[in-house]
Structures are given as C-alpha cells and as structure tokens.
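Structure, as structure tokens:
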Amino acid sequence: MSIAMKAPSRYVQGFGERKNIGKSIKKLGEKFYLIGSEGGKKRYGDEIMGYIREAGKEVEYGVFHGEATKEEVFSHMDRVKELGCDAIIGMGGGKVIDTAKAVSENLGGLPCIIVPTVASNDAPCSGVAVLYNEAGVVVKAVMLRRNPALVVVDTEIIAKAPARQLSAGMGDALATWYEARACEKNNIGTMARGKITATVSMMTKLCNDILIQYGGEAYDGVKKGEATEALEKIVEANILLSGIGFESGGLAAAHAINDGFAQEPQTHGMAHGEKVAFGLLTQLVLEGENKEELDEVLAFLKRVDLPMTLAQLGIKEINEENLHKVAEMAVVPTQSTKNLRADITADEVYSAILRADEIGRAYLAE
C-alpha cells in the first residue's frame, strides 16, 4: 500500500484574521453562501459578510438550525441553487462546519471555506463531514472529494469562546498521536487512502508535544478571555495538526469508544473531545497500562479539566447494560478499535472502561 496524506489547500491563522477574509477568498468564487447560527450572524457573520462585500463579492447568509442532519444539508443545498451561489462558507462549531462541507460536496464539490469560531474539534481541516439524526446520533460520514479550499482561524474569536470548548478540542487532539501510532504500528490504511507518511507521523507527535507544553497556559488564558502565544500554539494543534493527523494518520479505540457513548444517554451533554479523552484513557488500558504514559495523560486531563472518570463524563449511576452497549458499538466491524488490535472483544472494552474509571478515580484521590 502506498503512503498518502490529505490537507486543506490553505490554512491561515492569527489574531483578527477574519478581517482579511476578503483577500483570502478572492479567487474562490463570486457569490458566497455563508452558513452559521442566528447568534453567529450577530456576533461575527454580519462583520465577515461586510469584509467579503468590500472585496467586490456577493454573499448570502443561511441559518443553521442546530443539528447536522441530511434534512439540514438538503435545505441549504436548495437555497444555494436558488440563489446561484458558487462557493460555501461554514462559520461556527463542528456541526455547522460538517453541514457546510456536506453541502459543498453534494453540489459537485463547490469551493468550501471554513471559519471555526471555537477550537473544540479537528473538523475544520478534514475532508470528512459527519451527519447525525435529530437525536444527535451519528448516521453517516460523508467523504469529500477534496479537503476545504481555505481554513481561516481567528484566534481573537477563539479566545472569546468558552474555555470548555478549547479544553474539549485538546481532548480530541490528545488522542491523535496515540491513535496514529497504533495505526502505523499495525500498517493500517487511513482515510487518505494510504499508509501514514513520515511527515504526518511527526505532525501527530508534534501535536502531542504542543498540547503537553502549552495546554495549561492556553486554557488559563482563555478563562480570562486572553489571546496568548500559548493559545496560538494550541489552536494550531487542535485544528491543523490534529485535523491532518486523524485523517492521514488514522483512528483507533479512543474515537470508537467516543462513538460508543452514544448508547449511554447520561453522556449526551458531553462534548466530542471530552468523550474522546476518556476513550483515550480506555485505549491506554487496552494497550497494557504503560505507567509513564498514563501518568502524563492523567496529569494533562486534570490540568485542563477533561474527564478521567465515568462520573465526570456524566455517568452518575453505572448502568451495566448501557456500558455493554457502548463496548459493543466500539467493536462493530466498521469501527476503528480493530486498528489497535484486530481481535479486541466487547468484553475487553467493557472491562477497560471500568478499569479506566478506576484509574481516574484513584488519580483524583491522590
């Protein structure tokens, strides 16, 4: 199998970068369709549309209604065709971004521009759009023919978002190296349709190193609404390094267990990255509980307020039936747990979840 990697055509990040969007999108279209929430329009949408119009382009706004469903995507597709737009912009969090990417793909691969308003996940750079049902359960992953044409990250916006969003993004990003490492070890093909490149392997390790070095400082700054140099590093790790890393490096048990938690209603208020963080702890148990790695991960989770116990994940009362369903979902043939080890069973995952909870509780009690 060949090596391969995927990435956005251009990534630009900086304090106040939204103000330069008119220059950045100049060659990507003439009439843009900007998808964002009602609140997002008031906070940044009107301003960004102003910069686009100043560049001599047309732009229309499409209101996102809260869930990245097929119906939401089809609704925006109809409006894009009705208005005659030739490029899509997604502004907001992960579900807005996924909706914009799916609209772009379904309309023949229109240029897609992503403007994340939080650094809570690694969706902005990837060529994958995850769709859900109205209950918020994943129903489909749309594989795009190409990654976004442009990703514009304004760290002034990120600094004003809730600190919990940044923390969740760090939880998602923290799993990147550990999962890619497992895929590389087992010679697994990735979503880039090839084996991991040495470049991506190094990027995933860099992602981990940046998180450990700058995560706490960036988190403290955002709690005060401050855009620090540490935040610039963490945003790059959360969005760029983790985004390229998961798609071109591969996934393993951490993300599969996150998906499995859809079977436990008590976790439905938790962010994707928060569930991935606990999934990573479970993956480390499945890998044999390397004490040095466990200690580093646990220290990081505690430092940036990520869950290391089932109670912190919202599971106040352990329901064995639900946890067994979580474990079973994590090992279905289409899931990525097999990239860690092909013969992992649901019983092993169930036991590892309970063991991860035990380890987390013991660490907090120290």
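Starting from 1 in every chain, residues are counted up; chains themselves are A, B, ... following the order of the structure tokens, and ligands are numbered from 1 as listed.
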| field | A:Glu274 environment, 7 Å, only C-alpha atoms, sequence neighbours closer than 2 positions dropped, as a list in words | value |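 The residues that qualify are Ala168, Gly171, Met270, Ala271, His272, Val276, Ala277, Phe278, Leu306 and Pro307 of chain A.
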Produce a file of the selected residues containing C-alpha atoms, as a short mmCIF file (atom, residue, chain, number, x, y, z; two decimals), in the first residue's frame.
data_model
loop_
_atom_site.label_atom_id
_atom_site.label_comp_id
_atom_site.auth_asym_id
_atom_site.auth_seq_id
_atom_site.Cartn_x
_atom_site.Cartn_y
_atom_site.Cartn_z
CA ALA A 168 -12.64 19.69 24.55
CA GLY A 171 -9.11 16.19 24.42
CA MET A 270 -20.67 15.96 26.92
CA ALA A 271 -18.56 17.36 24.09
CA HIS A 272 -16.97 15.11 21.47
CA VAL A 276 -12.55 11.09 23.24
CA ALA A 277 -10.35 11.99 26.23
CA PHE A 278 -11.90 9.23 28.33
CA LEU A 306 -11.07 16.89 30.99
CA PRO A 307 -12.92 13.80 32.28
#
Using only C-alpha atoms, which residues of stretch 13-129 of chain A come within 6 Å of stretch 232-252 of chain A, and what is the closest atom pair for each, with the distance in Å to one decimal? Give it as JSON lines, sorted by chain and residue number.
{"residue": "A:Asp122", "atom": "CA", "partner": "A:Gly243", "partner_atom": "CA", "distance": 4.5}
{"residue": "A:Cys125", "atom": "CA", "partner": "A:Gly243", "partner_atom": "CA", "distance": 5.4}
{"residue": "A:Ser126", "atom": "CA", "partner": "A:Gly243", "partner_atom": "CA", "distance": 5.7}
Closest pair table for stretch 45-148 of chain A residues within 12 Å of stretch 329-351 of chain A, only C-alpha atoms, as a tab-separated table:
residue	atom	partner	partner_atom	distance
A:Val138	CA	A:Met329	CA	11.9
A:Lys140	CA	A:Thr334	CA	11.7
A:Ala141	CA	A:Thr334	CA	11.6
Take the selection from the previous step and output its residues with N, CA and C atoms, as a PDB file, in the first residue's frame.
ATOM      1  N   VAL A 138     -24.744   9.695  15.362  1.00  0.00           N
ATOM      2  CA  VAL A 138     -24.091   9.656  14.055  1.00  0.00           C
ATOM      3  C   VAL A 138     -24.793   8.659  13.134  1.00  0.00           C
ATOM      4  N   LYS A 140     -23.992   8.939   9.397  1.00  0.00           N
ATOM      5  CA  LYS A 140     -23.222   8.810   8.163  1.00  0.00           C
ATOM      6  C   LYS A 140     -21.991   9.704   8.199  1.00  0.00           C
ATOM      7  N   ALA A 141     -20.912   9.237   7.597  1.00  0.00           N
ATOM      8  CA  ALA A 141     -19.730  10.068   7.382  1.00  0.00           C
ATOM      9  C   ALA A 141     -19.584  10.266   5.876  1.00  0.00           C
TER      10      ALA A 141
END
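Closest approach to A:Val118 from the set A:Gly90, A:Ile158, A:Cys85, A:Ala218 is made by A:Ile158, with distances taken over only C-alpha atoms.
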| task | Considering only C-alpha atoms, state which residue in the set A:Ser167, A:Thr155, A:Thr117, A:Thr309 is at the smallest distance from A:Ala227. | result |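 Among A:Ser167, A:Thr155, A:Thr117, A:Thr309, it is A:Thr155 that comes nearest to A:Ala227.
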| task | Please report, as a PyMOL selection string, each residue of stretch 124-325 of chain A to which DSSP assigns helix (DSSP H, G or I) when run on this structure's backbone. | result | chain A and resi 155-160+163-185+198-223+229-249+253-263+265-267+272-286+291-303+320-325
Any chance you could tabulate, as CSV, the residues of stretch 52-102 of chain A at most 10 Å from stretch 26-44 of chain A with each one's nearest atom pair and distance in Å to one decimal, using only C-alpha atoms, in chain and rising number order?
residue,atom,partner,partner_atom,distance
A:Ile52,CA,A:Phe32,CA,8.6
A:Arg53,CA,A:Lys31,CA,9.7
A:Ala55,CA,A:Lys26,CA,7.2
A:Gly56,CA,A:Glu30,CA,8.3
A:Lys57,CA,A:Glu30,CA,5.3
A:Glu58,CA,A:Lys31,CA,4.5
A:Val59,CA,A:Phe32,CA,4.5
A:Glu60,CA,A:Tyr33,CA,5.0
A:Tyr61,CA,A:Leu34,CA,4.8
A:Gly62,CA,A:Ile35,CA,4.7
A:Val63,CA,A:Ser37,CA,5.3
A:Phe64,CA,A:Ser37,CA,4.8
A:His65,CA,A:Ser37,CA,6.7
A:Gly66,CA,A:Ser37,CA,7.5
A:His76,CA,A:Ile35,CA,8.2
A:Met77,CA,A:Tyr33,CA,10.0
A:Arg79,CA,A:Tyr33,CA,8.8
A:Val80,CA,A:Tyr33,CA,6.6
A:Leu83,CA,A:Tyr33,CA,8.6
A:Gly84,CA,A:Lys31,CA,7.4
A:Cys85,CA,A:Lys31,CA,4.8
A:Asp86,CA,A:Lys31,CA,5.7
A:Ala87,CA,A:Phe32,CA,4.9
A:Ile88,CA,A:Tyr33,CA,4.9
A:Ile89,CA,A:Leu34,CA,4.5
A:Gly90,CA,A:Ile35,CA,5.0
A:Met91,CA,A:Gly36,CA,5.2
A:Gly92,CA,A:Gly36,CA,6.0
A:Gly93,CA,A:Gly36,CA,8.9
A:Lys95,CA,A:Gly36,CA,9.9
A:Val96,CA,A:Gly36,CA,6.3
A:Ile97,CA,A:Ile35,CA,8.4
A:Thr99,CA,A:Ile35,CA,8.2
A:Ala100,CA,A:Ile35,CA,6.6
Which residues of stretch 75-176 of chain A come within 10 Å of stretch 280-286 of chain A, and for each one, what is the closest pair of atoms and their distance in Å to one decimal, counting only C-alpha atoms, sorted by chain and residue number, as CSV?
residue,atom,partner,partner_atom,distance
A:Gly171,CA,A:Leu280,CA,8.7
A:Asp172,CA,A:Leu280,CA,9.1
A:Leu174,CA,A:Leu280,CA,8.1
A:Ala175,CA,A:Leu280,CA,5.8
A:Thr176,CA,A:Leu280,CA,9.4
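Coordinates place atom CA of A:Leu211 at a distance of 10.8 Å from atom CA of A:Leu301.
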| request: Identify, on the basis of only C-alpha atoms, every residue whose closest approach to A:Tyr11 does not exceed 7 Å; exclude the query and any residue fewer than 6 positions from it along the same chain; express the result as JSON, numbers by chain. | output: {"A": [150, 151, 152]}
